[in-house]
Amino acid sequence: MRQIKLVRNILLGIEDLLLHKLRSFLTTLGIVFGVGSVVAMLSVGEGASKEAMDQIRKLGSNNIIISSIKSIEEESTSTTHSHMGIYGLTYEDGVRVADTFKTIRQVAPVKLIRKEGRLGERALELRIVGTTPIWFELVQRPVVAGRVMVASDDDERAPAAVLTEFGARKLLAAENTIGQSLKIGGDRFEIVGIVKSESGQAGNIQIPDQEVDVYIPINVARTYFGDITARMTSGTQERELVELHQMIVQVNSIEDVEPTAKGIEDMLKRFHKKKDYLVSVPLALLRQAEATKRTFNVVLGSIAGISLLVGGIGIMNIMLASVTERTREIGIRRAIGAKRRQIISQFLIETVVLSIIGGLIGIGMGVLVPSLITYFAGMPTVITVASIVLPLVISFGVGIIFGLYPAVRAAKVDPIVALRHE
Amino acid sequence: MIREAESNSNAKIIQLENAQKIYQMGSSEVKALAGVTISFERGSFWAIMGPSGSGKSTMMNVLGCLDRLSSGRYILEGRDVSTLDDDSLSELRLRHLGFVFQSFNLIPQLTVQRNIELPLYYLGWEASSSAERARELAEKVGLKERLHHRPAELSGGEMQRVAIARALANDPQIIFADEPTGNLDTATGKEILQLLDELNKQGRTIIMVTHEPHVAVYAKRRLHMLDGLVEGVEGRD
């Protein structure tokens, strides 16, 4: 019964507003832009965090990636003849990191070697990733065929290799490739599985796997290929000694990520003379996303706030004019027996209906704007239920706040004076 | 005296006891009602007369529960209403009183039907039953075909009929008519007065404010006012 009455009152309010279509429409514009900005703001913020979350998922949210890099001094001296560059993480670092921090669950050491791989007639420049089975736990990728590396592969020094889907396709490997032998350099490896791979960058962090990877047990890599790599560049032989190219560290919980990364950084600083390592934290991407989100919230939030304020004042202004214009009507209603609060609710409903209609148009606009932002600025945007519901609540609130004063003014009209009002 | 007034409440629908209404105009006081004591019988038809400034409009507003006395008592149907708050007065108007005004006072954006339904809307009637009641009333005042017109499309006489239909919607015991023929030509005015007379014959108390003697003759009793006081009463029920 009460609800029926409210619906009826709302319909009556809409009827009154439709008497002045243009005026009602213009009145809502402030709300339209305000709400539009709110929707856009929320969707940009949401898009930024979703992108960050996706990237973090590729990298592993609980992971810390430590990479060997050539230090700046090394870069300048390595041009001399027959010089051997020695830099990067050592096997000792690996043991030390794993032993020092209680927060670390497991560590996957990585050795990278570039070599040509051959499968039958086909050859491909591969990136040999010497690692342990833990790698596949930390960098989770779907298995296309066969299996990933297992502990026994390493222990038996069995020359097993896992290919990526991309590499397998390039080498024209089919499913029956499992069990065939892949020739790397002069050595034969048995292909035991094929996994999917990611590549490229997530934010400013290099994704640990590449499309041309082939995974072999790290001990096999050490035994077969050693720690020294030699490369011919412009007639000069460049030799490098790098024990570990990477360590992927997984900590117990997401809260441990940043303190542990800091600890590792400090520890490495103590044992390395040069800064020949880089500690990357995927979780930091989330911080970046939050920073983007904050910037957008400040900019669009200010626009939204100002628009909503202006819109609200506009609505209040029009409603005050409407109260004056309808003084006589108010007097008639009061004379007939309408109570003050019934007059208040009549005008309040009109204001709220007006601002909610503005809000709905604004949401329509706000849904359009993010796709334009994505198109022109290349920023990801996501529209969620919250980014629709919140603006509706806001426009309802604006209607109540800015409608209250005109409505109270209307209710204060003295019926005797109002009836004489021309 | 009070006791007597209350014992007679069945017959007397309206009683004013030393009613005063004082307006503050700057530093001076204006007594619109300067101590009026009078009572109206149930089912009577009164005309309140007097020149402008005599206090007849104030009298009407007080009796119609639109205004409150500065001092004195107003007993409506045996109930002292002089101290009621705004909400209670609204409730009284809604349930027991009907108003007809000189300038009709219809709400321009609403159709005839909606205007007639207005009191029923505030009484909380359901849409279907109030629509039916509006149809009945429109038929009663001879405006059945005009239900979906807006006031601007009607003649003065028709508008006043709509106003009467609206005043009747809540089935009031008392109808207040403030110069009901003031904006109408003589012939139309006569029709409206006949309509009021008919309503009086059906048992409703009618209190009409007018300054025109030829209008006042339709009332059974006439109350002459001057300077906020009752100057004289004539006629009988």
# chains A, B, ... in the order shown; residues from 1 in each chain; ligands from 1
$ residues_around --residues "B:Val62" --least-positions-apart "3" --cutoff "10 Å" --atoms "only C-alpha atoms" --output "list in words"
Leu16, Ala19, Gln20, Lys21, Leu33, Lys56, Ser57, Thr58, Met59, Cys65, Leu66, Asp67, Arg68, Leu69, Tyr74 and Ser82 of chain B
$ write_last_selection --atoms "N, CA and C atoms" --output "tab-separated table (two decimals), in the first residue's frame"
chain	number	residue	atom	x	y	z
B	16	LEU	N	-18.09	30.71	18.20
B	16	LEU	CA	-16.95	31.58	18.47
B	16	LEU	C	-17.22	32.29	19.78
B	19	ALA	N	-13.87	35.93	20.04
B	19	ALA	CA	-12.77	35.65	19.12
B	19	ALA	C	-12.07	36.93	18.70
B	20	GLN	N	-10.74	36.92	18.89
B	20	GLN	CA	-9.94	38.07	18.47
B	20	GLN	C	-8.83	37.61	17.55
B	21	LYS	N	-8.64	38.43	16.51
B	21	LYS	CA	-7.49	38.18	15.64
B	21	LYS	C	-6.79	39.51	15.47
B	33	LEU	N	-10.41	40.84	13.96
B	33	LEU	CA	-11.58	40.39	14.72
B	33	LEU	C	-11.40	40.96	16.12
B	56	LYS	N	-14.45	40.28	7.43
B	56	LYS	CA	-15.18	39.09	6.99
B	56	LYS	C	-14.25	38.02	6.41
B	57	SER	N	-13.18	38.46	5.75
B	57	SER	CA	-12.24	37.46	5.22
B	57	SER	C	-11.50	36.75	6.36
B	58	THR	N	-11.09	37.52	7.35
B	58	THR	CA	-10.42	36.92	8.52
B	58	THR	C	-11.35	35.92	9.20
B	59	MET	N	-12.60	36.33	9.31
B	59	MET	CA	-13.63	35.47	9.90
B	59	MET	C	-13.69	34.13	9.17
B	65	CYS	N	-10.47	27.10	9.50
B	65	CYS	CA	-9.27	26.48	10.09
B	65	CYS	C	-8.01	26.75	9.28
B	66	LEU	N	-8.01	27.85	8.52
B	66	LEU	CA	-6.81	28.23	7.79
B	66	LEU	C	-5.96	29.17	8.63
B	67	ASP	N	-6.58	29.75	9.66
B	67	ASP	CA	-5.89	30.73	10.48
B	67	ASP	C	-6.28	30.48	11.93
B	68	ARG	N	-5.42	30.91	12.84
B	68	ARG	CA	-5.70	30.71	14.26
B	68	ARG	C	-6.03	32.02	14.96
B	69	LEU	N	-6.85	31.93	15.98
B	69	LEU	CA	-7.23	33.12	16.73
B	69	LEU	C	-6.06	33.61	17.58
B	74	TYR	N	-12.61	28.88	19.60
B	74	TYR	CA	-13.37	28.45	18.43
B	74	TYR	C	-13.73	26.99	18.65
B	82	SER	N	-9.13	25.91	18.86
B	82	SER	CA	-8.31	27.13	18.85
B	82	SER	C	-6.85	26.88	19.16
$ residues_around --residues "stretch 254-271 of chain A" --least-positions-apart "6" --cutoff "9 Å" --atoms "only C-alpha atoms" --output "ChimeraX atom specification"
/A:61-66,89,93,97,100-101,103-104,277-281,283-284
$ select_by_dssp --residues "stretch 105-196 of chain B" --states "helix (DSSP H, G or I)" --output "ChimeraX atom specification"
/B:112-123,127-140,144-146,151-153,156-168,186-196
$ atom_distance --atom1 "atom CA of A:Ser24" --atom2 "atom CA of A:Ile344"
19.0 Å
$ interface_residues --of "chain A" --to "chain B" --cutoff "6 Å" --atoms "only C-alpha atoms" --output "list in words"
Glu329, Ile336, Gly337 and Lys339 of chain A
$ closest_residue --among "A:Leu59, A:Leu6, A:Ala160, A:Val299" --to "A:Ser345" --atoms "only C-alpha atoms"
A:Leu6
$ residues_around --residues "A:Leu138" --least-positions-apart "5" --cutoff "9 Å" --atoms "only C-alpha atoms" --output "PyMOL selection string"
chain A and resi 59-60+62-63+106-108+248-250
$ residues_around --residues "A:Asp54" --least-positions-apart "4" --cutoff "12 Å" --atoms "only C-alpha atoms" --output "list in words"
Gly47, Ala48, Ser49, Lys50, Lys58, Leu59, Gly60, Ser61, Gln201, Ala202, Gly203, Pro282, Leu283, Leu285, Leu286, Ala289 and Pro380 of chain A
$ atom_distance --atom1 "atom CA of A:Ala221" --atom2 "atom CA of A:Gln55"
29.4 Å
$ residues_around --residues "A:Glu116" --least-positions-apart "3" --cutoff "10 Å" --atoms "only C-alpha atoms" --output "list in words"
Ile113, Ala123, Leu124, Glu125, Leu126, Arg127, Ile128, Lys183, Ile184, Gly185 and Gly186 of chain A
$ write_last_selection --atoms "C-alpha atoms" --output "tab-separated table (two decimals), in the first residue's frame"
chain	number	residue	atom	x	y	z
A	113	ILE	CA	72.05	-20.09	-22.50
A	123	ALA	CA	66.57	-25.67	-36.48
A	124	LEU	CA	65.72	-22.78	-34.16
A	125	GLU	CA	67.74	-20.42	-32.02
A	126	LEU	CA	66.58	-21.38	-28.54
A	127	ARG	CA	66.90	-19.92	-25.11
A	128	ILE	CA	67.93	-22.77	-22.88
A	183	LYS	CA	69.52	-31.74	-30.36
A	184	ILE	CA	70.95	-28.77	-28.51
A	185	GLY	CA	74.49	-28.00	-29.53
A	186	GLY	CA	75.90	-31.48	-29.76
$ select_by_dssp --residues "stretch 3-216 of chain B" --states "strand (DSSP E)" --output "PDB file with N, CA and C atoms, in the first residue's frame"
ATOM      1  N   LYS B  12     -25.350  23.375  17.558  1.00  0.00           N
ATOM      2  CA  LYS B  12     -24.429  24.424  17.086  1.00  0.00           C
ATOM      3  C   LYS B  12     -23.181  23.771  16.503  1.00  0.00           C
ATOM      4  N   ILE B  13     -23.024  23.971  15.194  1.00  0.00           N
ATOM      5  CA  ILE B  13     -21.853  23.346  14.561  1.00  0.00           C
ATOM      6  C   ILE B  13     -20.613  24.218  14.750  1.00  0.00           C
ATOM      7  N   ILE B  14     -20.835  25.524  14.819  1.00  0.00           N
ATOM      8  CA  ILE B  14     -19.718  26.458  14.983  1.00  0.00           C
ATOM      9  C   ILE B  14     -20.025  27.428  16.111  1.00  0.00           C
ATOM     10  N   GLN B  15     -19.057  27.590  17.026  1.00  0.00           N
ATOM     11  CA  GLN B  15     -19.221  28.587  18.083  1.00  0.00           C
ATOM     12  C   GLN B  15     -17.941  29.384  18.227  1.00  0.00           C
ATOM     13  N   LEU B  16     -18.091  30.706  18.202  1.00  0.00           N
ATOM     14  CA  LEU B  16     -16.948  31.579  18.470  1.00  0.00           C
ATOM     15  C   LEU B  16     -17.218  32.291  19.779  1.00  0.00           C
ATOM     16  N   GLU B  17     -16.233  32.313  20.660  1.00  0.00           N
ATOM     17  CA  GLU B  17     -16.391  33.006  21.931  1.00  0.00           C
ATOM     18  C   GLU B  17     -15.313  34.068  22.067  1.00  0.00           C
ATOM     19  N   ASN B  18     -15.736  35.295  22.056  1.00  0.00           N
ATOM     20  CA  ASN B  18     -14.832  36.438  22.189  1.00  0.00           C
ATOM     21  C   ASN B  18     -13.599  36.290  21.289  1.00  0.00           C
ATOM     22  N   ALA B  19     -13.873  35.926  20.039  1.00  0.00           N
ATOM     23  CA  ALA B  19     -12.773  35.652  19.120  1.00  0.00           C
ATOM     24  C   ALA B  19     -12.066  36.925  18.700  1.00  0.00           C
ATOM     25  N   GLN B  20     -10.738  36.922  18.895  1.00  0.00           N
ATOM     26  CA  GLN B  20      -9.941  38.071  18.472  1.00  0.00           C
ATOM     27  C   GLN B  20      -8.828  37.614  17.551  1.00  0.00           C
ATOM     28  N   LYS B  21      -8.635  38.428  16.512  1.00  0.00           N
ATOM     29  CA  LYS B  21      -7.485  38.182  15.639  1.00  0.00           C
ATOM     30  C   LYS B  21      -6.790  39.506  15.466  1.00  0.00           C
ATOM     31  N   ILE B  22      -5.561  39.565  15.972  1.00  0.00           N
ATOM     32  CA  ILE B  22      -4.835  40.839  15.960  1.00  0.00           C
ATOM     33  C   ILE B  22      -3.607  40.700  15.068  1.00  0.00           C
ATOM     34  N   TYR B  23      -3.465  41.606  14.101  1.00  0.00           N
ATOM     35  CA  TYR B  23      -2.279  41.637  13.246  1.00  0.00           C
ATOM     36  C   TYR B  23      -1.372  42.757  13.684  1.00  0.00           C
ATOM     37  N   GLN B  24      -0.102  42.480  13.679  1.00  0.00           N
ATOM     38  CA  GLN B  24       0.877  43.501  14.021  1.00  0.00           C
ATOM     39  C   GLN B  24       1.290  44.183  12.729  1.00  0.00           C
ATOM     40  N   MET B  25       0.934  45.442  12.559  1.00  0.00           N
ATOM     41  CA  MET B  25       1.334  46.181  11.356  1.00  0.00           C
ATOM     42  C   MET B  25       2.345  47.222  11.775  1.00  0.00           C
ATOM     43  N   SER B  28       1.815  49.436  15.068  1.00  0.00           N
ATOM     44  CA  SER B  28       0.404  49.485  15.477  1.00  0.00           C
ATOM     45  C   SER B  28      -0.256  48.113  15.339  1.00  0.00           C
ATOM     46  N   GLU B  29      -1.270  47.908  16.131  1.00  0.00           N
ATOM     47  CA  GLU B  29      -2.019  46.658  16.078  1.00  0.00           C
ATOM     48  C   GLU B  29      -3.308  46.869  15.302  1.00  0.00           C
ATOM     49  N   VAL B  30      -3.632  45.878  14.463  1.00  0.00           N
ATOM     50  CA  VAL B  30      -4.906  45.943  13.739  1.00  0.00           C
ATOM     51  C   VAL B  30      -5.763  44.789  14.218  1.00  0.00           C
ATOM     52  N   LYS B  31      -6.948  45.115  14.707  1.00  0.00           N
ATOM     53  CA  LYS B  31      -7.843  44.058  15.173  1.00  0.00           C
ATOM     54  C   LYS B  31      -8.777  43.658  14.029  1.00  0.00           C
ATOM     55  N   ALA B  32      -8.429  42.583  13.349  1.00  0.00           N
ATOM     56  CA  ALA B  32      -9.281  42.117  12.262  1.00  0.00           C
ATOM     57  C   ALA B  32     -10.550  41.504  12.842  1.00  0.00           C
ATOM     58  N   LEU B  33     -10.408  40.839  13.963  1.00  0.00           N
ATOM     59  CA  LEU B  33     -11.579  40.388  14.721  1.00  0.00           C
ATOM     60  C   LEU B  33     -11.402  40.961  16.117  1.00  0.00           C
ATOM     61  N   ALA B  34     -12.397  41.705  16.548  1.00  0.00           N
ATOM     62  CA  ALA B  34     -12.207  42.453  17.797  1.00  0.00           C
ATOM     63  C   ALA B  34     -13.084  41.926  18.919  1.00  0.00           C
ATOM     64  N   GLY B  35     -13.222  40.596  18.967  1.00  0.00           N
ATOM     65  CA  GLY B  35     -14.027  40.007  20.028  1.00  0.00           C
ATOM     66  C   GLY B  35     -15.413  39.635  19.532  1.00  0.00           C
ATOM     67  N   VAL B  36     -15.457  38.564  18.726  1.00  0.00           N
ATOM     68  CA  VAL B  36     -16.720  38.130  18.127  1.00  0.00           C
ATOM     69  C   VAL B  36     -17.246  36.924  18.891  1.00  0.00           C
ATOM     70  N   THR B  37     -18.490  36.989  19.297  1.00  0.00           N
ATOM     71  CA  THR B  37     -19.143  35.832  19.895  1.00  0.00           C
ATOM     72  C   THR B  37     -20.393  35.531  19.084  1.00  0.00           C
ATOM     73  N   ILE B  38     -20.380  34.342  18.475  1.00  0.00           N
ATOM     74  CA  ILE B  38     -21.530  33.976  17.634  1.00  0.00           C
ATOM     75  C   ILE B  38     -21.541  32.469  17.451  1.00  0.00           C
ATOM     76  N   SER B  39     -22.705  31.911  17.168  1.00  0.00           N
ATOM     77  CA  SER B  39     -22.750  30.481  16.877  1.00  0.00           C
ATOM     78  C   SER B  39     -23.646  30.225  15.674  1.00  0.00           C
ATOM     79  N   PHE B  40     -23.244  29.202  14.894  1.00  0.00           N
ATOM     80  CA  PHE B  40     -24.003  28.822  13.690  1.00  0.00           C
ATOM     81  C   PHE B  40     -24.608  27.447  13.903  1.00  0.00           C
ATOM     82  N   GLU B  41     -25.892  27.322  13.508  1.00  0.00           N
ATOM     83  CA  GLU B  41     -26.587  26.041  13.659  1.00  0.00           C
ATOM     84  C   GLU B  41     -26.135  25.063  12.570  1.00  0.00           C
ATOM     85  N   PHE B  45     -27.506  28.141   6.385  1.00  0.00           N
ATOM     86  CA  PHE B  45     -26.858  28.758   5.223  1.00  0.00           C
ATOM     87  C   PHE B  45     -26.664  30.221   5.568  1.00  0.00           C
ATOM     88  N   TRP B  46     -25.399  30.566   5.871  1.00  0.00           N
ATOM     89  CA  TRP B  46     -25.106  31.920   6.314  1.00  0.00           C
ATOM     90  C   TRP B  46     -24.369  32.699   5.222  1.00  0.00           C
ATOM     91  N   ALA B  47     -24.690  33.987   5.183  1.00  0.00           N
ATOM     92  CA  ALA B  47     -23.883  34.889   4.376  1.00  0.00           C
ATOM     93  C   ALA B  47     -23.194  35.848   5.333  1.00  0.00           C
ATOM     94  N   ILE B  48     -21.880  35.945   5.224  1.00  0.00           N
ATOM     95  CA  ILE B  48     -21.149  36.916   6.035  1.00  0.00           C
ATOM     96  C   ILE B  48     -20.906  38.130   5.150  1.00  0.00           C
ATOM     97  N   MET B  49     -21.402  39.254   5.589  1.00  0.00           N
ATOM     98  CA  MET B  49     -21.368  40.448   4.743  1.00  0.00           C
ATOM     99  C   MET B  49     -20.595  41.564   5.425  1.00  0.00           C
ATOM    100  N   SER B  71      -6.817  35.321  20.384  1.00  0.00           N
ATOM    101  CA  SER B  71      -7.373  34.953  21.683  1.00  0.00           C
ATOM    102  C   SER B  71      -8.849  34.600  21.500  1.00  0.00           C
ATOM    103  N   GLY B  72      -9.431  34.023  22.520  1.00  0.00           N
ATOM    104  CA  GLY B  72     -10.815  33.563  22.418  1.00  0.00           C
ATOM    105  C   GLY B  72     -10.856  32.099  22.031  1.00  0.00           C
ATOM    106  N   ARG B  73     -12.086  31.581  21.890  1.00  0.00           N
ATOM    107  CA  ARG B  73     -12.212  30.161  21.592  1.00  0.00           C
ATOM    108  C   ARG B  73     -13.009  29.928  20.325  1.00  0.00           C
ATOM    109  N   TYR B  74     -12.607  28.876  19.605  1.00  0.00           N
ATOM    110  CA  TYR B  74     -13.371  28.449  18.430  1.00  0.00           C
ATOM    111  C   TYR B  74     -13.727  26.985  18.646  1.00  0.00           C
ATOM    112  N   ILE B  75     -15.025  26.725  18.758  1.00  0.00           N
ATOM    113  CA  ILE B  75     -15.462  25.347  18.965  1.00  0.00           C
ATOM    114  C   ILE B  75     -16.153  24.858  17.696  1.00  0.00           C
ATOM    115  N   LEU B  76     -15.564  23.867  17.082  1.00  0.00           N
ATOM    116  CA  LEU B  76     -16.082  23.307  15.827  1.00  0.00           C
ATOM    117  C   LEU B  76     -16.631  21.919  16.135  1.00  0.00           C
ATOM    118  N   ARG B  79     -15.804  20.700  19.507  1.00  0.00           N
ATOM    119  CA  ARG B  79     -14.400  20.477  19.854  1.00  0.00           C
ATOM    120  C   ARG B  79     -13.645  21.796  19.771  1.00  0.00           C
ATOM    121  N   ASP B  80     -12.925  22.101  20.835  1.00  0.00           N
ATOM    122  CA  ASP B  80     -12.151  23.343  20.830  1.00  0.00           C
ATOM    123  C   ASP B  80     -10.958  23.181  19.898  1.00  0.00           C
ATOM    124  N   LEU B  97     -14.090  19.835   6.108  1.00  0.00           N
ATOM    125  CA  LEU B  97     -14.414  21.115   5.485  1.00  0.00           C
ATOM    126  C   LEU B  97     -14.220  21.074   3.978  1.00  0.00           C
ATOM    127  N   GLY B  98     -15.004  21.944   3.308  1.00  0.00           N
ATOM    128  CA  GLY B  98     -14.836  22.099   1.866  1.00  0.00           C
ATOM    129  C   GLY B  98     -14.740  23.581   1.543  1.00  0.00           C
ATOM    130  N   PHE B  99     -13.962  23.904   0.507  1.00  0.00           N
ATOM    131  CA  PHE B  99     -13.761  25.320   0.167  1.00  0.00           C
ATOM    132  C   PHE B  99     -14.104  25.609  -1.290  1.00  0.00           C
ATOM    133  N   VAL B 100     -14.801  26.756  -1.485  1.00  0.00           N
ATOM    134  CA  VAL B 100     -15.028  27.265  -2.840  1.00  0.00           C
ATOM    135  C   VAL B 100     -14.556  28.714  -2.824  1.00  0.00           C
ATOM    136  N   ILE B 174     -19.321  21.114   6.439  1.00  0.00           N
ATOM    137  CA  ILE B 174     -19.393  22.559   6.214  1.00  0.00           C
ATOM    138  C   ILE B 174     -18.688  22.912   4.908  1.00  0.00           C
ATOM    139  N   ILE B 175     -19.369  23.770   4.121  1.00  0.00           N
ATOM    140  CA  ILE B 175     -18.716  24.281   2.915  1.00  0.00           C
ATOM    141  C   ILE B 175     -18.536  25.786   3.072  1.00  0.00           C
ATOM    142  N   PHE B 176     -17.305  26.245   2.881  1.00  0.00           N
ATOM    143  CA  PHE B 176     -17.020  27.677   2.926  1.00  0.00           C
ATOM    144  C   PHE B 176     -16.927  28.180   1.495  1.00  0.00           C
ATOM    145  N   ALA B 177     -17.690  29.240   1.232  1.00  0.00           N
ATOM    146  CA  ALA B 177     -17.657  29.810  -0.110  1.00  0.00           C
ATOM    147  C   ALA B 177     -17.273  31.276   0.005  1.00  0.00           C
ATOM    148  N   ASP B 178     -16.097  31.605  -0.555  1.00  0.00           N
ATOM    149  CA  ASP B 178     -15.576  32.969  -0.460  1.00  0.00           C
ATOM    150  C   ASP B 178     -15.877  33.700  -1.761  1.00  0.00           C
ATOM    151  N   THR B 205     -23.945  22.465   6.044  1.00  0.00           N
ATOM    152  CA  THR B 205     -23.868  23.847   6.507  1.00  0.00           C
ATOM    153  C   THR B 205     -23.050  24.633   5.497  1.00  0.00           C
ATOM    154  N   ILE B 206     -23.589  25.807   5.103  1.00  0.00           N
ATOM    155  CA  ILE B 206     -22.862  26.611   4.116  1.00  0.00           C
ATOM    156  C   ILE B 206     -22.575  27.978   4.711  1.00  0.00           C
ATOM    157  N   ILE B 207     -21.327  28.382   4.606  1.00  0.00           N
ATOM    158  CA  ILE B 207     -20.959  29.715   5.079  1.00  0.00           C
ATOM    159  C   ILE B 207     -20.317  30.444   3.910  1.00  0.00           C
ATOM    160  N   MET B 208     -20.992  31.520   3.510  1.00  0.00           N
ATOM    161  CA  MET B 208     -20.592  32.221   2.300  1.00  0.00           C
ATOM    162  C   MET B 208     -20.209  33.657   2.652  1.00  0.00           C
ATOM    163  N   VAL B 209     -19.089  34.100   2.096  1.00  0.00           N
ATOM    164  CA  VAL B 209     -18.696  35.496   2.283  1.00  0.00           C
ATOM    165  C   VAL B 209     -19.059  36.248   1.019  1.00  0.00           C
TER     166      VAL B 209
END
$ residues_around --residues "A:Val144" --least-positions-apart "5" --cutoff "8 Å" --atoms "only C-alpha atoms" --output "list in words"
Glu165, Gly193, Ile194, Val195 and Lys196 of chain A
$ atom_distance --atom1 "atom CA of A:Gly358" --atom2 "atom CA of A:Leu29"
6.6 Å
$ residues_around --residues "A:Gly36" --least-positions-apart "5" --cutoff "8 Å" --atoms "only C-alpha atoms" --output "list in words"
Ala304, Gly359, Gly362, Ile363, Gly364, Met365, Gly366, Val367 and Val369 of chain A
$ write_last_selection --atoms "N, CA and C atoms" --output "PDB file, in the first residue's frame"
ATOM      1  N   ALA A 304      33.980  15.714 -11.089  1.00  0.00           N
ATOM      2  CA  ALA A 304      32.695  15.169 -10.660  1.00  0.00           C
ATOM      3  C   ALA A 304      32.133  15.969  -9.504  1.00  0.00           C
ATOM      4  N   GLY A 359      21.144  11.349 -13.334  1.00  0.00           N
ATOM      5  CA  GLY A 359      22.116  10.306 -13.009  1.00  0.00           C
ATOM      6  C   GLY A 359      22.119   9.196 -14.053  1.00  0.00           C
ATOM      7  N   GLY A 362      23.675  10.381 -17.102  1.00  0.00           N
ATOM      8  CA  GLY A 362      25.103  10.464 -16.795  1.00  0.00           C
ATOM      9  C   GLY A 362      25.776   9.103 -16.855  1.00  0.00           C
ATOM     10  N   ILE A 363      25.085   8.079 -16.381  1.00  0.00           N
ATOM     11  CA  ILE A 363      25.655   6.732 -16.420  1.00  0.00           C
ATOM     12  C   ILE A 363      25.804   6.292 -17.870  1.00  0.00           C
ATOM     13  N   GLY A 364      24.785   6.607 -18.667  1.00  0.00           N
ATOM     14  CA  GLY A 364      24.854   6.305 -20.106  1.00  0.00           C
ATOM     15  C   GLY A 364      26.088   6.939 -20.724  1.00  0.00           C
ATOM     16  N   MET A 365      26.293   8.220 -20.365  1.00  0.00           N
ATOM     17  CA  MET A 365      27.437   8.943 -20.887  1.00  0.00           C
ATOM     18  C   MET A 365      28.727   8.359 -20.315  1.00  0.00           C
ATOM     19  N   GLY A 366      28.679   8.052 -19.019  1.00  0.00           N
ATOM     20  CA  GLY A 366      29.850   7.523 -18.332  1.00  0.00           C
ATOM     21  C   GLY A 366      30.274   6.165 -18.864  1.00  0.00           C
ATOM     22  N   VAL A 367      29.325   5.431 -19.451  1.00  0.00           N
ATOM     23  CA  VAL A 367      29.677   4.139 -20.035  1.00  0.00           C
ATOM     24  C   VAL A 367      30.362   4.357 -21.378  1.00  0.00           C
ATOM     25  N   VAL A 369      32.143   7.201 -22.250  1.00  0.00           N
ATOM     26  CA  VAL A 369      33.431   7.893 -22.092  1.00  0.00           C
ATOM     27  C   VAL A 369      34.601   6.925 -21.899  1.00  0.00           C
TER      28      VAL A 369
END
